[in-house]
>>> print(open('target-v5.txt').read())   # compact mmCIF, C-alpha atoms
# COMPACT_ATOMS: atom_id res chain seq x y z
CA MET A 1 121.49 111.15 107.36
CA LEU A 2 119.26 108.11 106.95
CA VAL A 3 117.91 106.58 110.12
CA LYS A 4 120.01 103.89 111.77
CA LEU A 5 119.42 100.47 110.30
CA GLY A 6 118.94 97.32 112.30
CA PRO A 7 120.02 93.69 111.83
CA LEU A 8 119.53 93.84 108.06
CA ASP A 9 121.53 96.29 106.00
CA ALA A 10 120.74 97.34 102.46
CA GLY A 11 123.38 94.98 101.06
CA ARG A 12 121.56 91.97 102.54
CA VAL A 13 118.03 92.87 101.43
CA ALA A 14 116.73 90.46 98.81
CA ASP A 15 115.94 91.72 95.34
CA LEU A 16 112.25 92.49 94.91
CA ARG A 17 112.32 92.04 91.12
CA PRO A 18 112.11 88.21 90.98
CA TYR A 19 108.97 88.36 93.12
CA LEU A 20 107.30 90.98 90.93
CA ASP A 21 108.22 88.99 87.83
CA LEU A 22 105.70 86.37 89.01
CA VAL A 23 102.77 88.80 88.91
CA PRO A 24 100.88 88.23 85.63
CA ASP A 25 100.63 91.17 83.27
CA PRO A 26 96.96 91.98 82.54
CA ARG A 27 97.73 94.12 79.47
CA ALA A 28 97.68 93.11 75.82
CA ARG A 29 101.12 92.78 74.25
CA ARG A 30 100.33 95.24 71.49
CA GLY A 31 101.39 98.77 72.36
CA ARG A 32 103.05 97.76 75.63
CA TRP A 33 106.29 99.66 76.20
CA TYR A 34 106.92 99.34 79.93
CA SER A 35 107.19 95.93 81.53
CA LEU A 36 104.86 95.27 84.46
CA THR A 37 107.84 94.74 86.77
CA ALA A 38 109.29 98.13 85.80
CA VAL A 39 106.03 99.95 86.54
CA LEU A 40 105.55 98.14 89.85
CA LEU A 41 109.15 98.85 90.84
CA ILE A 42 108.66 102.55 90.16
CA CYS A 43 105.55 102.46 92.34
CA ALA A 44 107.42 100.57 95.08
CA CYS A 45 110.30 103.06 95.04
CA ALA A 46 107.87 105.96 95.15
CA ALA A 47 105.98 104.39 98.07
CA VAL A 48 109.20 103.99 100.07
CA TRP A 49 109.92 107.60 99.10
CA GLY A 50 106.61 108.51 100.78
CA ALA A 51 104.20 108.81 97.84
CA ARG A 52 100.57 108.91 98.96
CA SER A 53 98.66 109.05 95.68
CA LEU A 54 98.84 108.19 91.98
CA ASP A 55 99.96 111.75 91.30
CA GLU A 56 102.87 111.39 93.72
CA LEU A 57 103.83 108.03 92.22
CA ALA A 58 104.05 109.73 88.83
CA GLU A 59 105.90 112.68 90.36
CA TRP A 60 108.64 110.38 91.66
CA ALA A 61 108.93 108.77 88.23
CA GLU A 62 109.21 112.17 86.52
CA ARG A 63 111.94 113.28 88.93
CA ALA A 64 113.91 110.04 88.66
CA PRO A 65 117.18 110.43 86.76
CA ASP A 66 118.11 108.22 83.85
CA THR A 67 120.24 105.95 86.06
CA LEU A 68 117.26 105.15 88.30
CA LEU A 69 114.98 104.44 85.36
CA THR A 70 117.66 102.14 83.97
CA ALA A 71 117.93 100.31 87.28
CA VAL A 72 114.20 99.63 87.54
CA GLY A 73 114.05 98.35 83.97
CA VAL A 74 112.67 101.18 81.83
CA ARG A 75 113.75 100.51 78.24
CA ARG A 76 115.59 103.03 76.15
CA HIS A 77 113.91 104.25 72.97
CA PRO A 78 115.78 103.72 69.66
CA LEU A 79 116.12 107.51 69.53
CA ARG A 80 118.20 107.22 72.74
CA TRP A 81 115.72 108.78 75.20
CA ARG A 82 114.36 107.02 78.26
CA ARG A 83 111.02 108.27 79.58
CA ALA A 84 109.21 107.48 82.84
CA PRO A 85 105.63 106.13 82.68
CA SER A 86 102.95 108.79 82.96
CA ARG A 87 100.32 109.10 85.65
CA THR A 88 97.76 107.63 83.24
CA THR A 89 99.94 104.58 82.56
CA ILE A 90 100.59 103.99 86.25
CA GLY A 91 96.90 104.33 87.09
CA ARG A 92 95.90 101.98 84.28
CA VAL A 93 98.40 99.32 85.41
CA LEU A 94 97.46 99.48 89.10
CA GLY A 95 93.78 99.44 88.22
CA ALA A 96 94.11 96.22 86.21
CA VAL A 97 96.83 94.28 88.05
CA ASP A 98 95.89 90.99 89.72
CA GLY A 99 95.45 92.08 93.36
CA ASP A 100 95.70 88.54 94.72
CA ALA A 101 98.98 87.90 92.89
CA LEU A 102 100.49 91.23 93.91
CA ASP A 103 99.53 90.71 97.56
CA ARG A 104 100.90 87.17 97.45
CA GLU A 105 104.28 88.13 96.02
CA VAL A 106 104.82 91.23 98.17
CA GLY A 107 103.75 89.22 101.22
CA ALA A 108 106.17 86.43 100.28
CA TYR A 109 108.96 88.97 99.85
CA LEU A 110 108.34 90.52 103.28
CA ALA A 111 107.92 87.09 104.88
CA ASP A 112 111.28 85.93 103.51
CA LEU A 113 112.97 89.07 104.80
CA HIS A 114 111.26 88.71 108.16
CA ASP A 115 112.36 85.08 108.47
CA ALA A 116 115.92 86.06 107.59
CA SER A 117 116.00 88.82 110.20
CA ALA A 118 114.47 86.55 112.85
CA GLN A 119 117.04 83.78 112.43
CA ALA A 120 119.27 85.46 114.99
CA VAL A 121 116.47 85.28 117.57
CA SER A 122 116.47 81.60 118.45
CA GLY A 123 113.78 79.97 120.55
CA GLN A 124 111.26 82.77 120.06
CA ARG A 125 107.78 81.74 118.93
CA ARG A 126 106.39 83.61 115.93
CA VAL A 127 103.26 85.59 116.80
CA ILE A 128 100.93 86.83 114.07
CA ALA A 129 97.90 89.11 114.45
CA VAL A 130 94.86 88.98 112.16
CA ASP A 131 92.55 91.97 111.81
CA GLY A 132 90.70 94.06 109.22
CA LYS A 133 91.42 97.51 107.79
CA ALA A 134 88.93 99.73 105.95
CA LEU A 135 89.87 102.09 103.10
CA ARG A 136 87.27 104.74 103.82
CA GLY A 137 88.18 107.23 101.10
CA SER A 138 88.17 104.56 98.39
CA ALA A 139 84.85 103.03 99.41
CA ARG A 140 81.89 103.22 97.05
CA LEU A 141 78.33 101.91 97.25
CA THR A 142 79.30 98.85 95.24
CA ALA A 143 82.65 98.25 96.97
CA ALA A 144 83.29 98.51 100.70
CA ARG A 145 87.10 98.39 100.21
CA ARG A 146 88.02 96.50 103.34
CA HIS A 147 91.11 94.34 103.72
CA LEU A 148 91.98 91.51 106.10
CA CYS A 149 95.64 91.50 107.12
CA ALA A 150 98.04 89.10 108.85
CA VAL A 151 100.76 91.08 110.63
CA THR A 152 103.72 89.92 112.72
CA HIS A 153 104.01 91.17 116.29
CA HIS A 154 107.81 91.36 116.29
CA ARG A 155 109.13 93.89 113.74
CA VAL A 156 105.65 94.69 112.47
CA VAL A 157 105.35 93.41 108.89
CA THR A 158 102.28 92.54 106.81
CA LEU A 159 102.72 88.93 105.65
CA ALA A 160 99.39 88.57 103.83
CA GLN A 161 96.44 90.69 102.79
CA ALA A 162 93.07 89.79 101.28
CA GLU A 163 90.29 92.02 100.03
CA VAL A 164 86.91 91.50 101.66
CA GLY A 165 84.11 91.64 99.11
CA ALA A 166 81.00 93.74 99.50
CA LYS A 167 78.83 90.62 99.83
CA THR A 168 81.03 88.73 102.33
CA ASN A 169 82.58 89.40 105.72
CA GLU A 170 86.07 89.04 107.17
CA THR A 171 85.50 85.60 108.67
CA ALA A 172 85.02 84.06 105.21
CA HIS A 173 88.51 85.21 104.25
CA PHE A 174 90.29 83.95 107.38
CA GLN A 175 91.39 80.62 105.92
CA PRO A 176 92.32 81.90 102.41
CA LEU A 177 94.39 84.66 104.03
CA LEU A 178 96.47 82.29 106.17
CA GLU A 179 96.58 79.33 103.76
CA PRO A 180 99.84 80.36 101.97
CA LEU A 181 101.72 81.05 105.23
CA ASP A 182 103.91 78.56 107.08
CA LEU A 183 102.31 78.65 110.53
CA ASP A 184 103.78 75.46 112.01
CA GLY A 185 104.27 76.23 115.70
CA ALA A 186 103.28 79.89 115.31
CA LEU A 187 100.82 81.68 117.60
CA VAL A 188 97.94 83.52 115.88
CA THR A 189 96.00 86.21 117.75
CA PHE A 190 92.61 87.59 116.70
CA ASP A 191 89.60 89.35 118.18
CA ALA A 192 86.10 88.08 118.81
CA LEU A 193 84.96 88.63 115.21
CA HIS A 194 87.28 85.85 114.03
CA SER A 195 86.56 83.50 116.92
CA VAL A 196 84.73 81.11 114.61
CA GLN A 197 85.02 77.49 115.66
CA ALA A 198 85.47 76.09 112.15
CA ASN A 199 88.32 78.51 111.43
CA VAL A 200 89.99 77.84 114.77
CA ALA A 201 89.80 74.07 114.28
CA TRP A 202 91.31 74.46 110.77
CA LEU A 203 94.11 76.60 112.18
CA VAL A 204 95.12 73.94 114.70
CA GLU A 205 94.48 70.80 112.67
CA THR A 206 95.66 71.89 109.21
CA LYS A 207 98.18 74.66 109.84
CA LYS A 208 99.56 73.15 113.09
CA ALA A 209 99.42 76.56 114.73
CA HIS A 210 98.32 77.79 118.16
CA TYR A 211 95.92 80.62 118.84
CA ILE A 212 94.78 83.20 121.38
CA SER A 213 91.12 84.02 120.80
CA VAL A 214 88.95 86.67 122.43
CA ILE A 215 85.59 85.23 123.46
CA LYS A 216 82.54 87.50 123.47
CA ALA A 217 78.79 87.16 122.98
CA ASN A 218 79.14 85.79 119.44
CA GLN A 219 80.20 82.53 121.18
CA PRO A 220 77.45 82.58 123.85
CA THR A 221 78.05 79.15 125.38
CA ALA A 222 81.82 79.54 125.67
CA HIS A 223 81.41 83.12 126.89
CA ARG A 224 79.03 82.02 129.64
CA GLN A 225 81.27 79.14 130.67
CA LEU A 226 84.38 81.33 130.88
CA ALA A 227 82.57 83.93 132.95
CA ALA A 228 81.49 81.18 135.39
CA LEU A 229 85.04 80.05 136.17
CA PRO A 230 86.24 80.78 139.75
CA TRP A 231 88.31 83.83 138.83
CA ARG A 232 87.99 85.36 142.33
CA ASP A 233 89.82 82.38 143.80
CA ILE A 234 92.72 82.59 141.35
CA ALA A 235 95.71 84.76 142.22
CA VAL A 236 97.08 87.32 139.77
CA GLN A 237 99.96 85.66 137.92
CA HIS A 238 101.48 88.60 136.04
CA THR A 239 101.14 92.39 136.04
CA THR A 240 102.46 95.16 133.80
CA ALA A 241 102.16 98.94 133.82
CA SER A 242 102.71 101.46 131.05
CA THR A 243 102.37 105.20 130.49
CA GLY A 244 101.51 106.79 127.17
CA HIS A 245 99.07 109.04 125.34
CA GLY A 246 98.45 110.98 128.54
CA ARG A 247 97.30 108.02 130.62
CA ARG A 248 98.71 105.34 132.87
CA GLU A 249 97.49 101.81 132.36
CA SER A 250 98.02 98.64 134.38
CA ARG A 251 97.21 95.11 133.28
CA SER A 252 96.97 91.89 135.21
CA ILE A 253 96.49 88.36 133.96
CA LYS A 254 95.07 85.15 135.43
CA THR A 255 95.00 81.73 133.80
CA CYS A 256 92.84 78.77 134.66
CA GLY A 257 92.67 75.13 133.79
CA THR A 258 94.20 72.47 131.61
CA ALA A 259 92.71 70.60 128.70
CA ASP A 260 90.97 68.20 131.11
CA GLU A 261 89.64 70.91 133.43
CA LEU A 262 88.32 72.89 130.46
CA GLY A 263 86.61 69.94 128.87
CA GLY A 264 83.31 71.72 129.23
CA ILE A 265 84.39 74.87 127.38
CA ALA A 266 82.58 74.93 124.05
CA PHE A 267 85.55 76.01 121.97
CA PRO A 268 87.91 73.75 119.98
CA TYR A 269 91.34 72.90 121.41
CA ALA A 270 91.01 75.31 124.35
CA CYS A 271 93.70 74.40 126.89
CA LEU A 272 93.92 77.55 128.99
CA ALA A 273 91.35 80.16 129.93
CA ILE A 274 92.76 83.66 130.39
CA ARG A 275 91.30 86.72 132.06
CA VAL A 276 92.98 90.06 131.43
CA HIS A 277 92.05 92.92 133.73
CA ARG A 278 92.91 96.43 132.59
CA ARG A 279 92.78 99.60 134.65
CA ARG A 280 93.33 103.12 133.31
CA ARG A 281 94.30 105.65 135.93
CA GLN A 282 93.26 108.78 134.04
CA SER A 283 89.58 107.87 133.76
CA VAL A 284 89.60 105.18 136.47
CA ARG A 285 88.23 102.82 133.87
CA ARG A 286 88.29 99.11 134.58
CA GLU A 287 87.47 96.24 132.26
CA SER A 288 88.05 92.50 132.09
CA ARG A 289 88.24 90.32 129.03
CA GLU A 290 88.19 86.54 128.71
CA THR A 291 90.28 84.73 126.12
CA VAL A 292 91.26 81.13 125.44
CA THR A 293 94.40 79.62 123.96
CA SER A 294 95.40 76.27 122.56
CA LEU A 295 98.70 76.51 124.43
CA ASP A 296 98.83 74.56 127.66
CA ALA A 297 100.62 75.43 130.89
CA HIS A 298 103.74 73.51 129.81
CA GLN A 299 104.09 75.47 126.56
CA THR A 300 103.82 79.02 127.83
CA ILE A 301 103.92 81.25 130.89
CA PRO A 302 101.56 84.07 131.93
CA ALA A 303 104.12 86.76 131.04
CA ASP A 304 104.36 85.50 127.45
CA LEU A 305 100.58 85.30 127.16
CA ALA A 306 100.27 88.88 128.42
CA THR A 307 102.85 90.04 125.87
CA ALA A 308 101.04 88.27 123.01
CA ILE A 309 97.63 89.64 124.01
CA ARG A 310 99.01 93.15 124.36
CA GLY A 311 101.05 92.75 121.16
CA HIS A 312 97.96 91.98 119.10
CA TRP A 313 97.27 95.71 118.95
CA THR A 314 100.50 96.34 117.06
CA ILE A 315 98.34 95.72 114.00
CA GLU A 316 96.36 98.81 114.95
CA ALA A 317 99.63 100.76 115.19
CA LEU A 318 100.49 99.68 111.64
CA HIS A 319 97.06 100.74 110.41
CA HIS A 320 97.60 104.10 112.11
CA VAL A 321 100.85 104.55 110.16
CA ARG A 322 98.99 103.78 106.93
CA ASP A 323 96.46 106.49 107.79
CA ALA A 324 98.74 109.11 109.40
CA THR A 325 101.89 108.85 107.27
CA PHE A 326 100.42 107.67 103.96
CA ALA A 327 96.96 109.28 104.29
CA GLU A 328 95.23 106.05 103.34
CA ASP A 329 91.78 107.03 104.58
CA ALA A 330 92.02 110.29 102.61
CA SER A 331 92.87 108.49 99.36
CA THR A 332 89.99 108.51 96.86
CA VAL A 333 91.57 106.08 94.39
CA HIS A 334 88.75 103.68 93.53
CA THR A 335 89.20 102.34 90.00
CA GLY A 336 89.59 98.59 89.58
CA THR A 337 92.23 97.03 91.82
CA ALA A 338 94.12 100.31 92.31
CA PRO A 339 92.98 100.79 95.95
CA ARG A 340 94.20 97.32 96.85
CA ALA A 341 97.47 97.78 94.95
CA MET A 342 98.09 101.08 96.74
CA ALA A 343 97.45 99.37 100.10
CA THR A 344 99.96 96.66 99.16
CA LEU A 345 102.56 99.28 98.26
CA ARG A 346 102.01 100.96 101.63
CA ASN A 347 102.51 97.63 103.40
CA LEU A 348 105.79 97.27 101.54
CA ALA A 349 106.88 100.85 102.32
CA ILE A 350 106.22 100.28 106.04
CA GLY A 351 107.52 96.72 106.33
CA LEU A 352 110.92 97.31 104.75
CA PRO A 353 112.05 100.13 107.07
CA LYS A 354 110.70 98.19 110.04
CA LEU A 355 112.82 95.19 109.10
CA LEU A 356 115.81 97.49 108.79
CA GLY A 357 115.27 98.76 112.32
CA ALA A 358 113.50 102.06 111.68
CA ASP A 359 111.13 103.14 114.45
CA ASN A 360 109.67 106.24 112.79
CA ILE A 361 108.34 105.58 109.28
CA ALA A 362 107.54 109.24 108.62
CA LYS A 363 111.12 110.21 109.46
CA THR A 364 112.47 107.45 107.23
CA THR A 365 110.39 108.50 104.22
CA ARG A 366 111.50 112.11 104.69
CA ALA A 367 115.13 111.02 104.73
CA ILE A 368 114.65 109.03 101.53
CA ARG A 369 112.69 111.87 99.94
CA ASP A 370 115.78 114.09 100.10
CA GLN A 371 117.70 111.51 98.04
CA PRO A 372 115.29 109.35 95.99
CA GLU A 373 118.05 106.95 94.90
CA ARG A 374 118.15 105.60 98.46
CA ALA A 375 114.91 103.74 97.77
CA LEU A 376 116.67 101.34 95.38
CA PRO A 377 118.97 99.56 97.88
CA LEU A 378 116.03 99.09 100.24
CA LEU A 379 114.37 97.02 97.50
CA GLY A 380 117.53 95.02 96.88
CA ILE A 381 118.29 96.79 93.58
CA THR A 382 122.04 97.29 93.56
CA ASN A 383 122.70 96.60 89.88
CA ASN A 384 120.85 96.90 86.61
CA ARG A 385 120.45 93.17 86.05
CA ASP A 386 119.51 92.43 82.45
CA VAL A 387 116.12 94.11 82.72
CA CYS A 388 116.59 96.71 79.98
CA ARG A 389 115.93 94.31 77.16
CA THR A 390 114.56 95.76 73.95
>>> encode(input="target-v5.txt", output="structure tokens")
Amino acid sequence: MLVKLGPLDAGRVADLRPYLDLVPDPRARRGRWYSLTAVLLICACAAVWGARSLDELAEWAERAPDTLLTAVGVRRHPLRWRRAPSRTTIGRVLGAVDGDALDREVGAYLADLHDASAQAVSGQRRVIAVDGKALRGSARLTAARRHLCAVTHHRVVTLAQAEVGAKTNETAHFQPLLEPLDLDGALVTFDALHSVQANVAWLVETKKAHYISVIKANQPTAHRQLAALPWRDIAVQHTTASTGHGRRESRSIKTCGTADELGGIAFPYACLAIRVHRRRRQSVRRESRETVTSLDAHQTIPADLATAIRGHWTIEALHHVRDATFAEDASTVHTGTAPRAMATLRNLAIGLPKLLGADNIAKTTRAIRDQPERALPLLGITNNRDVCRT
């Protein structure tokens, strides 16, 4: 039996096809038999099915019955047969597809579903984490294959993804990554690498968002000023404890200041300084970390700040699923935009079950693998539409 679904059921999932229709087809019209949407839908179904490689994408297509090929838009030959695209065709399409357009449309699809599922949760601020993910197996000397992702904390879903070029770094892609997203009133969390003042100012002024930013030595003045605050005189305002992975961990949080009191902090729109102290019982390891936020004391409470700071690492949990369940780091696909397209398909295959309430992605893909046709309703494909045009 398929895992229990959450607030969205398959009948309410939006159709993925209109989004994929907006991805431009890079192929010449001559000799083209399969539409781009049909090939991408086959890849999406196979990814939800658990496919890890181009060979497994093609394997799903070969095993798909005629009814499934009809539903995803594979045309019927005048001689009455209907044939799935080969591994070569799939590889050629993924290697040439516009990675930016595919990321944009899949991200928009997941964002729309996420917004629909979050409507029932009123008064809850959206929290989005930004961090990078390397594709180690696909890396080559001329291409580092690293992506920057924006991922929701609640019901972990990748809303946007951008490829980081070999001659740039992640910070240069911060604004282009978040530009298409509606961030009005949202809270964005990121680590010290992205604590760049120009990007933070753009986030607040242009996108009307709030932030929680880790401050380390790359912001030396702000780091020194935060360390000099009278933390010893401030009482602990919130504590949490958790047990997992063979260790027990406790966290405490202190906040200091208002916009006026922090006027000397050399970081834009900093309203509250935060110190998180973490203690691991197994190794008796202690560490403290300073962060700042644009939220003031009237807009948040220490418990919510602690949850957002802790929740930032849900993006690492998603990256672990990409590596453990979909063997992303072991993938050696490296031609053209195929590595990026495969990463986008994995984001889709993880985000959809999460939105449907699945906790274990590996278990979900195994359940769908037993009955491949179950992948179609998860993508909103419940009828053939008029996609089998000749």
>>> residues_around(input="target-v5.txt", residues="range 360-365 of chain A", least_positions_apart="3", cutoff="6 Å", atoms="all atoms listed in the file", output="list in words")
Trp49, Gly50, Thr325, Ile368 and Arg369 of chain A
>>> residues_around(input="target-v5.txt", residues="Ile253 in chain A", least_positions_apart="4", cutoff="8 Å", atoms="only C-alpha atoms", output="PyMOL selection string")
chain A and resi 236-239+274-277+302+306
>>> write_last_selection(input="target-v5.txt", atoms="C-alpha atoms", output="PDB file, in the frame of the given file")
ATOM      1  CA  VAL A 236      97.080  87.320 139.770  1.00  0.00           C
ATOM      2  CA  GLN A 237      99.960  85.660 137.920  1.00  0.00           C
ATOM      3  CA  HIS A 238     101.480  88.600 136.040  1.00  0.00           C
ATOM      4  CA  THR A 239     101.140  92.390 136.040  1.00  0.00           C
ATOM      5  CA  ILE A 274      92.760  83.660 130.390  1.00  0.00           C
ATOM      6  CA  ARG A 275      91.300  86.720 132.060  1.00  0.00           C
ATOM      7  CA  VAL A 276      92.980  90.060 131.430  1.00  0.00           C
ATOM      8  CA  HIS A 277      92.050  92.920 133.730  1.00  0.00           C
ATOM      9  CA  PRO A 302     101.560  84.070 131.930  1.00  0.00           C
ATOM     10  CA  ALA A 306     100.270  88.880 128.420  1.00  0.00           C
TER      11      ALA A 306
END
>>> closest_atom_pairs(input="target-v5.txt", of="range 343-377 of chain A", to="range 12-27 of chain A", cutoff="10 Å", atoms="only C-alpha atoms", output="CSV")
residue,atom,partner,partner_atom,distance
A:Leu352,CA,A:Val13,CA,9.0
A:Leu355,CA,A:Val13,CA,9.6
A:Leu356,CA,A:Val13,CA,9.0
A:Leu376,CA,A:Asp15,CA,9.6
A:Pro377,CA,A:Val13,CA,7.6
>>> residues_around(input="target-v5.txt", residues="range 226-234 of chain A", least_positions_apart="4", cutoff="12 Å", atoms="only C-alpha atoms", output="PyMOL selection string")
chain A and resi 214-217+219-222+238+252-257+261-267+270+272-277+288-292
>>> closest_residue(input="target-v5.txt", among="A:Gly357, A:Pro85, A:Gly95, A:Gly351", to="Gly73 in chain A", atoms="all atoms listed in the file")
A:Pro85
>>> residues_around(input="target-v5.txt", residues="Leu54 in chain A", least_positions_apart="4", cutoff="9 Å", atoms="only C-alpha atoms", output="PDB file with C-alpha atoms, keeping the file's coordinate frame")
ATOM      1  CA  CYS A  43     105.550 102.460  92.340  1.00  0.00           C
ATOM      2  CA  ALA A  58     104.050 109.730  88.830  1.00  0.00           C
ATOM      3  CA  GLU A  59     105.900 112.680  90.360  1.00  0.00           C
ATOM      4  CA  ARG A  87     100.320 109.100  85.650  1.00  0.00           C
ATOM      5  CA  THR A  88      97.760 107.630  83.240  1.00  0.00           C
ATOM      6  CA  ILE A  90     100.590 103.990  86.250  1.00  0.00           C
ATOM      7  CA  GLY A  91      96.900 104.330  87.090  1.00  0.00           C
ATOM      8  CA  VAL A 333      91.570 106.080  94.390  1.00  0.00           C
ATOM      9  CA  MET A 342      98.090 101.080  96.740  1.00  0.00           C
TER      10      MET A 342
END
>>> residues_around(input="target-v5.txt", residues="Val196 in chain A", least_positions_apart="5", cutoff="10 Å", atoms="only C-alpha atoms", output="VMD selection string")
chain A and resid 171 to 172 174 201 213 215 218 to 219 267 to 268
>>> atom_distance(input="target-v5.txt", atom1="CA of Gln299 in chain A", atom2="CA of Trp313 in chain A")
22.7 Å
>>> atom_distance(input="target-v5.txt", atom1="CA of Ala186 in chain A", atom2="CA of Val127 in chain A")
5.9 Å
>>> atom_distance(input="target-v5.txt", atom1="CA of Ala324 in chain A", atom2="CA of Ala375 in chain A")
20.6 Å
>>> closest_residue(input="target-v5.txt", among="A:Ile128, A:Tyr34, A:Lys354, A:Arg146", to="Arg83 in chain A", atoms="all atoms listed in the file")
A:Tyr34
